[in-house]
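K.L.:
Contents of protein_5.tsv (TSV, C-alpha atoms):
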```tsv
chain	number	residue	atom	x	y	z
A	1	MET	CA	0.00	0.00	0.00
A	2	THR	CA	1.28	3.47	-0.89
A	3	TRP	CA	0.91	6.51	1.35
A	4	GLU	CA	-1.53	7.94	-1.18
A	5	GLY	CA	-3.75	4.88	-0.85
A	6	ASP	CA	-3.58	5.13	2.93
A	7	VAL	CA	-4.61	8.79	2.79
A	8	VAL	CA	-7.55	8.10	0.46
A	9	ASP	CA	-8.76	5.29	2.72
A	10	ALA	CA	-8.37	7.50	5.80
A	11	LEU	CA	-10.50	10.21	4.18
A	12	ALA	CA	-13.23	7.74	3.24
A	13	ALA	CA	-13.12	5.88	6.57
A	14	ASN	CA	-13.73	9.16	8.38
A	15	GLY	CA	-16.70	10.20	6.32
A	16	VAL	CA	-15.23	12.64	3.81
A	17	THR	CA	-17.74	12.94	0.98
A	18	THR	CA	-16.27	15.66	-1.23
A	19	VAL	CA	-12.74	16.48	-2.30
A	20	ALA	CA	-12.12	19.89	-3.88
A	21	TYR	CA	-8.76	20.49	-5.52
A	22	LEU	CA	-6.42	22.12	-7.92
A	23	PRO	CA	-3.99	19.71	-9.54
A	24	ASP	CA	-0.37	19.39	-8.42
A	25	THR	CA	2.27	16.96	-9.64
A	26	ALA	CA	3.23	16.12	-6.06
A	27	VAL	CA	-0.24	14.73	-5.40
A	28	SER	CA	-1.20	13.57	-8.89
A	29	SER	CA	-1.35	9.97	-7.75
A	30	LEU	CA	-3.48	10.91	-4.75
A	31	LEU	CA	-5.87	12.93	-6.94
A	32	ASP	CA	-6.09	10.16	-9.56
A	33	ARG	CA	-7.18	7.80	-6.81
A	34	VAL	CA	-9.75	10.26	-5.47
A	35	GLU	CA	-11.16	10.94	-8.94
A	36	SER	CA	-11.62	7.22	-9.66
A	37	ASP	CA	-13.05	6.39	-6.22
A	38	ASP	CA	-16.85	6.16	-5.98
A	39	ARG	CA	-16.72	7.06	-2.30
A	40	PHE	CA	-16.06	10.72	-3.16
A	41	ASP	CA	-17.58	13.53	-5.14
A	42	THR	CA	-14.90	15.80	-6.54
A	43	ALA	CA	-14.88	19.50	-7.30
A	44	ARG	CA	-12.19	20.86	-9.57
A	45	LEU	CA	-11.59	24.52	-8.71
A	46	SER	CA	-10.40	27.61	-10.58
A	47	ARG	CA	-8.82	29.09	-7.44
A	48	GLU	CA	-8.12	27.47	-4.10
A	49	GLU	CA	-10.03	30.11	-2.16
A	50	GLU	CA	-13.21	28.82	-3.81
A	51	GLY	CA	-12.54	25.45	-2.24
A	52	VAL	CA	-12.99	26.80	1.27
A	53	GLY	CA	-16.42	28.05	0.19
A	54	VAL	CA	-17.38	24.92	-1.73
A	55	LEU	CA	-16.43	22.67	1.19
A	56	ALA	CA	-18.21	24.95	3.66
A	57	GLY	CA	-21.23	24.28	1.47
A	58	THR	CA	-20.53	20.55	1.65
A	59	TRP	CA	-20.68	20.68	5.46
A	60	LEU	CA	-23.69	23.00	5.50
A	61	ALA	CA	-25.57	20.41	3.43
A	62	GLY	CA	-24.56	17.51	5.68
A	63	GLY	CA	-21.30	16.23	4.17
A	64	ARG	CA	-17.61	16.44	4.97
A	65	GLY	CA	-15.06	18.15	2.75
A	66	ALA	CA	-11.33	17.91	2.07
A	67	LEU	CA	-9.29	20.45	0.10
A	68	VAL	CA	-6.16	19.33	-1.74
A	69	CYS	CA	-3.79	22.02	-2.99
A	70	GLN	CA	-0.23	23.31	-2.98
A	71	SER	CA	1.00	25.78	-0.34
A	72	SER	CA	1.08	28.61	-2.90
A	73	GLY	CA	-2.61	27.94	-3.50
A	74	LEU	CA	-3.37	27.88	0.19
A	75	ALA	CA	-2.07	31.46	0.24
A	76	THR	CA	-5.23	32.44	-1.67
A	77	THR	CA	-7.49	30.93	1.00
A	78	ILE	CA	-6.48	32.96	4.04
A	79	ASN	CA	-9.40	35.40	3.91
A	80	ALA	CA	-11.89	32.56	3.46
A	81	PHE	CA	-10.48	30.55	6.36
A	82	SER	CA	-10.29	33.56	8.66
A	83	SER	CA	-13.65	35.13	7.82
A	84	LEU	CA	-15.74	32.00	7.15
A	85	SER	CA	-14.43	28.63	8.39
A	86	VAL	CA	-12.97	29.82	11.69
A	87	PRO	CA	-15.56	32.36	12.88
A	88	ALA	CA	-18.60	30.36	11.65
A	89	ARG	CA	-17.07	27.10	12.95
A	90	ILE	CA	-17.38	25.28	9.65
A	91	PRO	CA	-14.95	22.36	9.52
A	92	LEU	CA	-12.91	21.06	6.61
A	93	VAL	CA	-9.56	19.35	6.20
A	94	ALA	CA	-6.88	20.76	3.91
A	95	LEU	CA	-4.14	18.51	2.55
A	96	VAL	CA	-1.43	20.91	1.48
A	97	THR	CA	1.68	19.97	-0.44
A	98	ARG	CA	4.31	22.13	1.11
A	99	ARG	CA	6.73	24.07	-1.05
A	100	GLY	CA	9.33	26.52	0.17
A	101	ASP	CA	11.38	24.45	2.56
A	102	LEU	CA	13.73	21.47	2.06
A	103	ASP	CA	14.88	21.03	-1.54
A	104	GLU	CA	13.05	24.15	-2.76
A	105	PHE	CA	14.70	25.66	-5.85
A	106	ASN	CA	12.27	28.57	-6.41
A	107	ALA	CA	12.55	31.69	-4.25
A	108	ALA	CA	8.95	32.64	-5.09
A	109	GLN	CA	7.75	29.59	-3.15
A	110	VAL	CA	9.71	30.38	0.00
A	111	PRO	CA	8.03	33.27	1.89
A	112	PHE	CA	4.58	31.74	2.18
A	113	GLY	CA	5.61	28.09	1.96
A	114	TYR	CA	8.17	28.36	4.72
A	115	GLY	CA	5.93	30.62	6.81
A	116	LEU	CA	2.85	28.47	6.37
A	117	GLU	CA	2.53	27.26	9.96
A	118	ASP	CA	2.98	30.79	11.32
A	119	VAL	CA	0.19	32.11	9.10
A	120	LEU	CA	-2.14	29.22	9.93
A	121	ASP	CA	-1.39	29.55	13.66
A	122	ALA	CA	-2.04	33.30	13.49
A	123	ILE	CA	-5.54	32.77	12.07
A	124	ARG	CA	-6.19	29.83	14.43
A	125	VAL	CA	-6.15	27.02	11.90
A	126	ARG	CA	-4.49	24.06	13.60
A	127	ASN	CA	-2.02	22.15	11.49
A	128	ALA	CA	0.34	19.18	11.52
A	129	ALA	CA	3.09	18.09	9.18
A	130	VAL	CA	3.55	14.67	7.60
A	131	GLU	CA	7.00	13.51	6.57
A	132	ASP	CA	6.88	9.75	7.07
A	133	PRO	CA	4.92	7.77	4.44
A	134	ALA	CA	4.01	5.20	7.08
A	135	GLU	CA	2.32	7.92	9.15
A	136	ALA	CA	0.41	9.70	6.38
A	137	GLY	CA	-2.88	7.79	6.53
A	138	ARG	CA	-3.02	7.78	10.32
A	139	ARG	CA	-2.30	11.51	10.60
A	140	VAL	CA	-4.84	12.45	7.94
A	141	GLY	CA	-7.48	10.31	9.62
A	142	MET	CA	-6.77	11.94	12.97
A	143	ALA	CA	-6.97	15.39	11.34
A	144	VAL	CA	-10.39	14.60	9.85
A	145	ARG	CA	-11.68	13.31	13.18
A	146	THR	CA	-10.58	16.31	15.20
A	147	ALA	CA	-11.71	18.84	12.55
A	148	PHE	CA	-15.27	17.55	12.38
A	149	SER	CA	-15.58	16.88	16.10
A	150	THR	CA	-14.35	20.33	17.13
A	151	ARG	CA	-15.96	22.02	14.11
A	152	GLU	CA	-12.79	23.75	13.05
A	153	PRO	CA	-10.71	23.61	9.89
A	154	TYR	CA	-7.49	21.60	10.13
A	155	ALA	CA	-4.53	21.63	7.72
A	156	VAL	CA	-2.19	18.71	7.09
A	157	LEU	CA	1.10	19.79	5.54
A	158	LEU	CA	2.50	17.16	3.20
A	159	GLU	CA	6.22	17.91	3.33
A	160	SER	CA	8.64	17.62	0.42
A	161	THR	CA	10.31	14.75	2.26
A	162	LEU	CA	7.03	12.83	1.79
A	163	THR	CA	5.92	13.91	-1.67
A	164	GLY	CA	9.32	14.40	-3.31
A	165	ALA	CA	10.38	17.90	-4.29
A	166	LYS	CA	10.28	19.15	-7.86
A	167	ASP	CA	13.85	18.84	-9.14
A	168	GLU	CA	14.90	21.81	-11.25
A	169	PHE	CA	18.34	22.42	-9.78
B	1	MET	CA	-38.57	51.06	-9.69
B	2	SER	CA	-36.61	53.46	-7.63
B	3	SER	CA	-35.18	53.64	-4.15
B	4	GLU	CA	-35.38	56.51	-1.73
B	5	SER	CA	-32.20	57.80	-3.36
B	6	GLY	CA	-33.98	58.00	-6.68
B	7	ALA	CA	-31.51	55.73	-8.45
B	8	THR	CA	-32.76	53.42	-11.16
B	9	GLY	CA	-32.96	49.66	-10.93
B	10	ALA	CA	-35.20	47.06	-9.32
B	11	ASP	CA	-36.07	47.04	-5.63
B	12	GLN	CA	-33.73	44.50	-4.01
B	13	ALA	CA	-36.15	43.65	-1.21
B	14	ALA	CA	-38.96	42.98	-3.67
B	15	CYS	CA	-36.66	40.77	-5.77
B	16	THR	CA	-35.51	38.90	-2.65
B	17	ALA	CA	-39.16	38.36	-1.69
B	18	ALA	CA	-39.76	37.11	-5.23
B	19	VAL	CA	-37.07	34.46	-4.73
B	20	LEU	CA	-38.90	33.22	-1.64
B	21	ASP	CA	-42.25	33.30	-3.46
B	22	ALA	CA	-40.92	31.23	-6.36
B	23	THR	CA	-38.76	28.83	-4.34
B	24	PRO	CA	-40.04	28.88	-0.74
B	25	ASP	CA	-37.96	25.90	0.42
B	26	ALA	CA	-34.71	26.93	-1.29
B	27	ALA	CA	-31.44	27.01	0.57
B	28	LEU	CA	-30.33	30.65	0.30
B	29	VAL	CA	-26.74	31.82	0.64
B	30	SER	CA	-26.44	35.59	0.94
B	31	ASN	CA	-23.38	37.72	0.45
B	32	LEU	CA	-22.05	39.80	3.32
B	33	GLY	CA	-23.60	43.23	3.66
B	34	VAL	CA	-26.67	44.38	1.80
B	35	ALA	CA	-27.73	40.99	0.39
B	36	SER	CA	-27.80	39.52	3.89
B	37	TYR	CA	-29.33	42.60	5.50
B	38	VAL	CA	-32.16	42.66	2.96
B	39	LEU	CA	-32.78	38.91	3.26
B	40	ALA	CA	-32.92	39.13	7.06
B	41	GLY	CA	-35.52	41.87	6.73
B	42	VAL	CA	-37.63	40.03	4.15
B	43	GLU	CA	-37.74	36.74	6.09
B	44	ASP	CA	-35.39	35.27	8.66
B	45	ARG	CA	-35.53	31.49	8.19
B	46	ALA	CA	-33.35	28.50	9.03
B	47	ARG	CA	-32.41	27.89	5.40
B	48	ASN	CA	-30.83	31.36	5.11
B	49	CYS	CA	-27.06	31.11	5.23
B	50	TYR	CA	-26.02	34.70	5.84
B	51	LEU	CA	-22.32	35.34	5.41
B	52	TRP	CA	-20.52	37.90	7.56
B	53	GLY	CA	-17.23	37.66	5.70
B	54	SER	CA	-15.42	35.87	2.87
B	55	MET	CA	-16.43	38.32	0.16
B	56	GLY	CA	-15.97	36.62	-3.20
B	57	VAL	CA	-16.70	33.19	-1.77
B	58	THR	CA	-20.51	33.43	-1.58
B	59	THR	CA	-21.16	31.71	-4.89
B	60	PRO	CA	-18.69	28.87	-4.11
B	61	VAL	CA	-20.56	28.19	-0.84
B	62	GLY	CA	-23.76	27.84	-2.85
B	63	LEU	CA	-22.00	25.55	-5.32
B	64	GLY	CA	-20.83	23.29	-2.50
B	65	ILE	CA	-24.35	23.01	-1.10
B	66	ALA	CA	-25.79	22.36	-4.54
B	67	LEU	CA	-23.32	19.54	-5.18
B	68	GLU	CA	-24.21	17.89	-1.85
B	69	THR	CA	-28.01	18.10	-2.07
B	70	ASP	CA	-30.70	17.79	-4.74
B	71	GLU	CA	-32.69	20.67	-3.31
B	72	GLN	CA	-32.91	24.13	-4.84
B	73	VAL	CA	-29.98	26.36	-3.86
B	74	THR	CA	-30.00	30.08	-4.64
B	75	VAL	CA	-27.09	32.44	-4.06
B	76	LEU	CA	-27.80	36.12	-3.43
B	77	ASP	CA	-24.50	37.68	-4.44
B	78	GLY	CA	-23.46	41.24	-5.14
B	79	ASP	CA	-21.55	42.98	-7.90
B	80	GLY	CA	-18.50	43.69	-5.74
B	81	SER	CA	-18.27	40.12	-4.49
B	82	THR	CA	-18.74	38.68	-7.97
B	83	LEU	CA	-16.01	40.96	-9.35
B	84	LEU	CA	-13.63	39.65	-6.67
B	85	SER	CA	-13.94	36.15	-8.07
B	86	LEU	CA	-15.21	36.05	-11.63
B	87	GLY	CA	-13.30	32.78	-11.99
B	88	ALA	CA	-15.80	31.15	-9.63
B	89	LEU	CA	-18.38	31.39	-12.41
B	90	ALA	CA	-16.18	29.13	-14.53
B	91	THR	CA	-16.08	26.65	-11.66
B	92	VAL	CA	-19.87	26.74	-11.38
B	93	ALA	CA	-20.15	26.19	-15.14
B	94	ARG	CA	-17.77	23.23	-15.01
B	95	HIS	CA	-19.97	21.43	-12.48
B	96	ASP	CA	-23.24	22.92	-13.75
B	97	PRO	CA	-25.59	21.67	-11.01
B	98	ALA	CA	-29.21	22.03	-12.18
B	99	ASN	CA	-30.34	22.96	-8.66
B	100	LEU	CA	-28.18	26.12	-8.45
B	101	VAL	CA	-29.16	29.67	-9.34
B	102	VAL	CA	-26.74	32.53	-8.74
B	103	VAL	CA	-28.41	35.93	-8.44
B	104	VAL	CA	-26.10	38.92	-8.78
B	105	PHE	CA	-27.76	41.99	-7.34
B	106	ASP	CA	-25.84	44.77	-9.06
B	107	ASN	CA	-26.21	48.08	-7.22
B	108	GLY	CA	-23.01	49.45	-8.76
B	109	GLU	CA	-21.34	50.15	-5.45
B	110	PHE	CA	-19.64	48.77	-2.37
B	111	ALA	CA	-22.69	49.56	-0.28
B	112	THR	CA	-21.44	48.38	3.11
B	113	THR	CA	-18.19	50.31	2.96
B	114	GLY	CA	-19.77	53.65	2.13
B	115	GLY	CA	-21.18	53.33	-1.36
B	116	GLN	CA	-18.01	53.72	-3.38
B	117	PRO	CA	-18.39	52.74	-7.05
B	118	SER	CA	-17.62	49.05	-7.65
B	119	GLY	CA	-16.81	49.54	-11.33
B	120	SER	CA	-19.60	47.16	-12.31
B	121	GLU	CA	-20.96	49.63	-14.86
B	122	LEU	CA	-18.26	48.29	-17.18
B	123	VAL	CA	-19.28	44.68	-16.64
B	124	ASP	CA	-22.12	42.72	-18.22
B	125	PHE	CA	-22.37	39.90	-15.66
B	126	ALA	CA	-24.80	37.88	-17.78
B	127	ALA	CA	-22.43	38.06	-20.74
B	128	VAL	CA	-19.47	37.03	-18.57
B	129	ALA	CA	-21.47	34.07	-17.28
B	130	GLU	CA	-22.50	33.04	-20.81
B	131	ALA	CA	-18.89	33.33	-21.96
B	132	VAL	CA	-17.73	30.75	-19.40
B	133	GLY	CA	-20.57	28.39	-20.28
B	134	LEU	CA	-23.35	29.29	-17.85
B	135	ARG	CA	-26.94	29.99	-18.78
B	136	ALA	CA	-27.60	33.59	-17.83
B	137	TYR	CA	-30.41	36.13	-17.72
B	138	GLY	CA	-30.51	39.86	-17.17
B	139	ALA	CA	-33.13	41.98	-15.42
B	140	ALA	CA	-33.59	45.59	-14.29
B	141	SER	CA	-37.10	45.54	-12.82
B	142	GLU	CA	-39.00	43.39	-10.34
B	143	GLU	CA	-41.18	41.97	-13.12
B	144	GLY	CA	-38.15	41.19	-15.25
B	145	PHE	CA	-36.45	39.60	-12.29
B	146	ARG	CA	-39.41	37.32	-11.55
B	147	GLU	CA	-39.42	36.08	-15.16
B	148	ALA	CA	-35.65	35.62	-15.24
B	149	TYR	CA	-35.58	33.82	-11.90
B	150	ASP	CA	-38.34	31.41	-12.93
B	151	ALA	CA	-36.45	30.63	-16.15
B	152	ALA	CA	-33.19	30.16	-14.24
B	153	VAL	CA	-34.81	27.73	-11.79
B	154	ALA	CA	-36.42	25.80	-14.65
B	155	HIS	CA	-33.19	25.56	-16.66
B	156	ASP	CA	-31.62	22.10	-16.62
B	157	GLY	CA	-28.25	23.31	-15.41
B	158	ALA	CA	-26.81	26.05	-13.24
B	159	ALA	CA	-27.92	29.56	-14.18
B	160	LEU	CA	-27.12	33.16	-13.29
B	161	VAL	CA	-29.51	36.09	-13.02
B	162	ALA	CA	-27.88	39.52	-13.15
B	163	CYS	CA	-30.27	42.11	-11.80
B	164	GLU	CA	-29.66	45.84	-11.67
B	165	VAL	CA	-30.96	47.12	-8.34
B	166	ALA	CA	-31.18	50.51	-6.70
B	167	PRO	CA	-28.80	50.98	-3.77
B	168	VAL	CA	-30.49	50.54	-0.39
B	169	ASP	CA	-29.38	50.91	3.20
B	170	PRO	CA	-31.60	48.55	5.20
B	171	GLU	CA	-31.91	48.62	8.99
B	172	SER	CA	-32.39	44.86	9.32
B	173	ARG	CA	-29.48	42.59	10.29
B	174	PRO	CA	-29.01	38.86	10.68
B	175	THR	CA	-27.78	37.62	14.04
B	176	LEU	CA	-24.08	38.26	14.68
B	177	ASP	CA	-23.83	34.71	16.09
B	178	PHE	CA	-22.12	33.31	12.99
B	179	PRO	CA	-21.78	29.70	14.24
B	180	HIS	CA	-25.50	29.74	15.04
B	181	ILE	CA	-26.30	30.72	11.45
B	182	ALA	CA	-24.23	27.81	10.09
B	183	ARG	CA	-25.51	25.27	12.61
B	184	ARG	CA	-29.15	26.27	12.18
B	185	PHE	CA	-28.81	26.08	8.40
B	186	ARG	CA	-27.20	22.66	8.51
B	187	GLU	CA	-29.86	21.29	10.83
B	188	ALA	CA	-32.53	22.56	8.43
B	189	MET	CA	-31.00	20.74	5.47
B	190	ASP	CA	-31.54	17.08	4.74
B	191	GLY	CA	-28.73	14.82	5.89
B	192	ALA	CA	-27.66	17.08	8.73
```
Turn this file's structure into structure tokens for me.

P.N.:
Amino acid sequence: MTWEGDVVDALAANGVTTVAYLPDTAVSSLLDRVESDDRFDTARLSREEEGVGVLAGTWLAGGRGALVCQSSGLATTINAFSSLSVPARIPLVALVTRRGDLDEFNAAQVPFGYGLEDVLDAIRVRNAAVEDPAEAGRRVGMAVRTAFSTREPYAVLLESTLTGAKDEF
Amino acid sequence: MSSESGATGADQAACTAAVLDATPDAALVSNLGVASYVLAGVEDRARNCYLWGSMGVTTPVGLGIALETDEQVTVLDGDGSTLLSLGALATVARHDPANLVVVVFDNGEFATTGGQPSGSELVDFAAVAEAVGLRAYGAASEEGFREAYDAAVAHDGAALVACEVAPVDPESRPTLDFPHIARRFREAMDGA
């Protein structure tokens, strides 16, 4: 079993009904699995910020949502998290491929990618990193459980040590 | 139609009431500011999801609800919010849920921040929606809005109604208890 398969099973086992995403090479295998899995509805987005709204709608209508995007895309969601998900207590889980730290070649990815936890902490979105493939499914499952029990968004940061960094050195 | 300010355009409260007349059980998602204030004054009901923030994300919230339920979902958005995220219309068109209608009440201004011009006079929202693949209708009177809304609800796909409205400054407000709004809405929807 791959870590991607573990993550998909953890989402389904914890009641996630809808996955909203923008594509990213680092999670292409994960997204292929989600797209071909009858346990999920999927929502392809034009901008990641929309995903926070779409998945708020998922919860408001009785489901559970997960957002999959890259850290640069999460940068577009900060207003939606801080003025919708957090104050209205609308839960969702974000699986964020993290750029900007180990093995990053592109300076444009660094300020937000490296500062991601600080930004999320500042707007009161709890978050945890995943580096070990053997831990990915368990951590994502635990994130889903705590998000929907406490009715708060939760972000899981999929580190480059897990996903493999883009190599353009 | 005219408001107390004498500006042209449909009466937003009358159009909001028309939405409830035509689709009394619809889940309504209203944009922060005037759309929510007017809706709260017309009828406060459990299936009103008033937003207090996240400008530009109102229509995506409606899309998410529409994808999760078969019931009618209507978004009451504004011109400023729609301009913040025109790309969201492309996302709606891609998924094209037949139970979703997006109403853009275009008063031409950022009403809750002091009435500064939004720049929407340069934008034909119905044409933008059509250009990304959505069915769209335009209106500038209450009668025109009623006809357009009925057609949008009947259309077998998502649809947008762009309605020019006169600026208003309503007294009514939804509760400031934002988690209560979300929880009450969810409990009123099937599957909650």

K.L.:
For range 27-33 of chain B, list every protein, DNA or RNA residue within 7 Å, evaluated using all atoms listed in the file, and leave out those in the same chain fewer than 5 positions away; present the list as number ranges by chain.

P.N.:
B: 47-53, 55, 58, 62, 72-78, 112

K.L.:
Got time to write the residues from that selection, C-alpha atoms, as a short mmCIF file (atom, residue, chain, number, x, y, z; two decimals), in the coordinates of the input?

P.N.:
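part_35.cif, freshly written:
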```cif
data_model
loop_
_atom_site.label_atom_id
_atom_site.label_comp_id
_atom_site.auth_asym_id
_atom_site.auth_seq_id
_atom_site.Cartn_x
_atom_site.Cartn_y
_atom_site.Cartn_z
CA ARG B 47 -32.41 27.89 5.40
CA ASN B 48 -30.83 31.36 5.11
CA CYS B 49 -27.06 31.11 5.23
CA TYR B 50 -26.02 34.70 5.84
CA LEU B 51 -22.32 35.34 5.41
CA TRP B 52 -20.52 37.90 7.56
CA GLY B 53 -17.23 37.66 5.70
CA MET B 55 -16.43 38.32 0.16
CA THR B 58 -20.51 33.43 -1.58
CA GLY B 62 -23.76 27.84 -2.85
CA GLN B 72 -32.91 24.13 -4.84
CA VAL B 73 -29.98 26.36 -3.86
CA THR B 74 -30.00 30.08 -4.64
CA VAL B 75 -27.09 32.44 -4.06
CA LEU B 76 -27.80 36.12 -3.43
CA ASP B 77 -24.50 37.68 -4.44
CA GLY B 78 -23.46 41.24 -5.14
CA THR B 112 -21.44 48.38 3.11
#
```

K.L.:
Just the number, please: distance in Å from CA of Arg151 in chain A to CA of Phe185 in chain B, one decimal.

P.N.:
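These atoms are spaced 14.6 Å apart.
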
K.L.:
Would you give me, as a list in words, the residues of chain A that come within 7 Å of chain B, using only C-alpha atoms?

P.N.:
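So the contacting residues turn out to be Leu45, Ser46, Glu50, Gly53, Val54, Leu55, Ala56, Gly57, Thr58, Leu60, Ala61, Gly62, Gly63, Asn79, Ala80, Ser83, Leu84, Pro87, Ala88 and Arg89 of chain A.
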
K.L.:
Could you jot down the CA of Arg135 in chain B to CA of Asp96 in chain B separation for me, Å, one decimal place?

P.N.:
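Atom-to-atom, CA of Arg135 in chain B and CA of Asp96 in chain B are spaced 9.4 Å apart.
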
K.L.:
So which residues are close to (-34.3, 39.8, -17.6), meaning at most 12 Å away in the file's coordinates with all atoms listed in the file counted, and can you show them as a PyMOL selection string?

P.N.:
chain B and resi 9-10+103+126+136-152+160-164

K.L.:
Can you list, as a ChimeraX atom specification, every protein, DNA or RNA residue that comes within 12 Å of Asp101 in chain A when you count all atoms listed in the file, leaving out same-chain residues fewer than 6 positions away?

P.N.:
/A:71,107-117,157-161,164-166

K.L.:
Interatomic distance between CA of Arg124 in chain A and CA of Gly141 in chain A?

P.N.:
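Separating CA of Arg124 in chain A from CA of Gly141 in chain A is a distance of 20.1 Å.
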
K.L.:
Point out the residue among B:Ala26, B:Ala127, B:Val168, B:Leu39 with the least atom-to-atom distance to Asn99 in chain B, counting all atoms listed in the file.

P.N.:
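Of the candidates, the smallest distance to Asn99 in chain B is held by B:Ala26.
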
K.L.:
List as a ChimeraX atom specification the protein and nucleic acid residues near Phe40 in chain A, meaning an atom at most 7 Å away when only C-alpha atoms are counted, but skip any in the same chain fewer than 2 places from it.

P.N.:
/A:17-19,34,37-38,42

K.L.:
Limited to C-alpha atoms, could you put the picked residues into a file as a tab-separated table (two decimals), keeping the file's coordinate frame?

P.N.:
```tsv
chain	number	residue	atom	x	y	z
A	17	THR	CA	-17.74	12.94	0.98
A	18	THR	CA	-16.27	15.66	-1.23
A	19	VAL	CA	-12.74	16.48	-2.30
A	34	VAL	CA	-9.75	10.26	-5.47
A	37	ASP	CA	-13.05	6.39	-6.22
A	38	ASP	CA	-16.85	6.16	-5.98
A	42	THR	CA	-14.90	15.80	-6.54
```

K.L.:
Got a sec to check which residues sit within 8 Å of (-36.8, 22.3, -12.3), counting all atoms listed in the file, and write them as an MDAnalysis selection string?

P.N.:
chainID B and resid 98:99 153:156

K.L.:
Keeping C-alpha atoms for every residue in the selection just given, could you write it to a file as a compact mmCIF listing (two decimals), keeping the file's coordinate frame?

P.N.:
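Below you can see part-v7.txt, which holds the result:
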```
# COMPACT_ATOMS: atom_id res chain seq x y z
CA ALA B 98 -29.21 22.03 -12.18
CA ASN B 99 -30.34 22.96 -8.66
CA VAL B 153 -34.81 27.73 -11.79
CA ALA B 154 -36.42 25.80 -14.65
CA HIS B 155 -33.19 25.56 -16.66
CA ASP B 156 -31.62 22.10 -16.62
```

K.L.:
Which centre and edge lengths in Å to one decimal define the box along x, y and z that fits every listed atom of range 45-49 of chain B plus 6 Å per side, as JSON?

P.N.:
```
{"center_x": -31.3, "center_y": 29.7, "center_z": 7.1, "size_x": 20.5, "size_y": 15.6, "size_z": 15.9}
```

K.L.:
Between A:Gly51, A:Pro133, A:Pro91, A:Gly73, which is the closest to Val16 in chain A once you count all atoms listed in the file?

P.N.:
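Of A:Gly51, A:Pro133, A:Pro91, A:Gly73, the one nearest Val16 in chain A is A:Pro91, counting all atoms listed in the file.
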
K.L.:
Nearest to Val96 in chain A among A:Ala155, A:Val125, A:Ala43, A:Val119, with distances taken over only C-alpha atoms: which residue is it?

P.N.:
A:Ala155

K.L.:
Taking all atoms listed in the file into account, name the residue in A:Arg47, A:Arg99, A:Arg145, A:Arg138 that is nearest to Leu67 in chain A.

P.N.:
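That would be A:Arg47, the residue with the smallest distance to Leu67 in chain A.
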
K.L.:
Smallest atom-to-atom distance to Glu35 in chain A: which of A:Asn14, A:Val8, A:Thr97, A:Leu92, using all atoms listed in the file?

P.N.:
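Answer, going by the shortest atom-to-atom distance: A:Val8.
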
K.L.:
Could range 111-123 of chain B be completed with N, CA and C atoms and written as a CSV table (one decimal), keeping the file's coordinate frame, please?

P.N.:
```csv
chain,number,residue,atom,x,y,z
B,111,ALA,N,-21.7,48.9,-1.1
B,111,ALA,CA,-22.7,49.6,-0.3
B,111,ALA,C,-22.3,49.6,1.2
B,112,THR,N,-21.7,48.5,1.7
B,112,THR,CA,-21.4,48.4,3.1
B,112,THR,C,-20.2,49.1,3.5
B,113,THR,N,-19.4,49.6,2.6
B,113,THR,CA,-18.2,50.3,3.0
B,113,THR,C,-18.3,51.8,2.7
B,114,GLY,N,-19.5,52.2,2.3
B,114,GLY,CA,-19.8,53.6,2.1
B,114,GLY,C,-20.3,54.0,0.7
B,115,GLY,N,-20.6,53.0,-0.1
B,115,GLY,CA,-21.2,53.3,-1.4
B,115,GLY,C,-20.2,53.8,-2.5
B,116,GLN,N,-19.0,53.4,-2.3
B,116,GLN,CA,-18.0,53.7,-3.4
B,116,GLN,C,-18.3,52.9,-4.6
B,117,PRO,N,-18.1,53.5,-5.8
B,117,PRO,CA,-18.4,52.7,-7.0
B,117,PRO,C,-17.6,51.4,-7.1
B,118,SER,N,-18.3,50.4,-7.5
B,118,SER,CA,-17.6,49.0,-7.6
B,118,SER,C,-16.9,48.9,-9.0
B,119,GLY,N,-17.3,49.7,-10.0
B,119,GLY,CA,-16.8,49.5,-11.3
B,119,GLY,C,-17.7,48.6,-12.2
B,120,SER,N,-18.8,48.2,-11.6
B,120,SER,CA,-19.6,47.2,-12.3
B,120,SER,C,-20.3,47.7,-13.5
B,121,GLU,N,-20.3,49.1,-13.7
B,121,GLU,CA,-21.0,49.6,-14.9
B,121,GLU,C,-20.2,49.2,-16.1
B,122,LEU,N,-19.0,48.7,-16.0
B,122,LEU,CA,-18.3,48.3,-17.2
B,122,LEU,C,-18.5,46.8,-17.5
B,123,VAL,N,-19.2,46.1,-16.6
B,123,VAL,CA,-19.3,44.7,-16.6
B,123,VAL,C,-20.7,44.2,-16.9
```
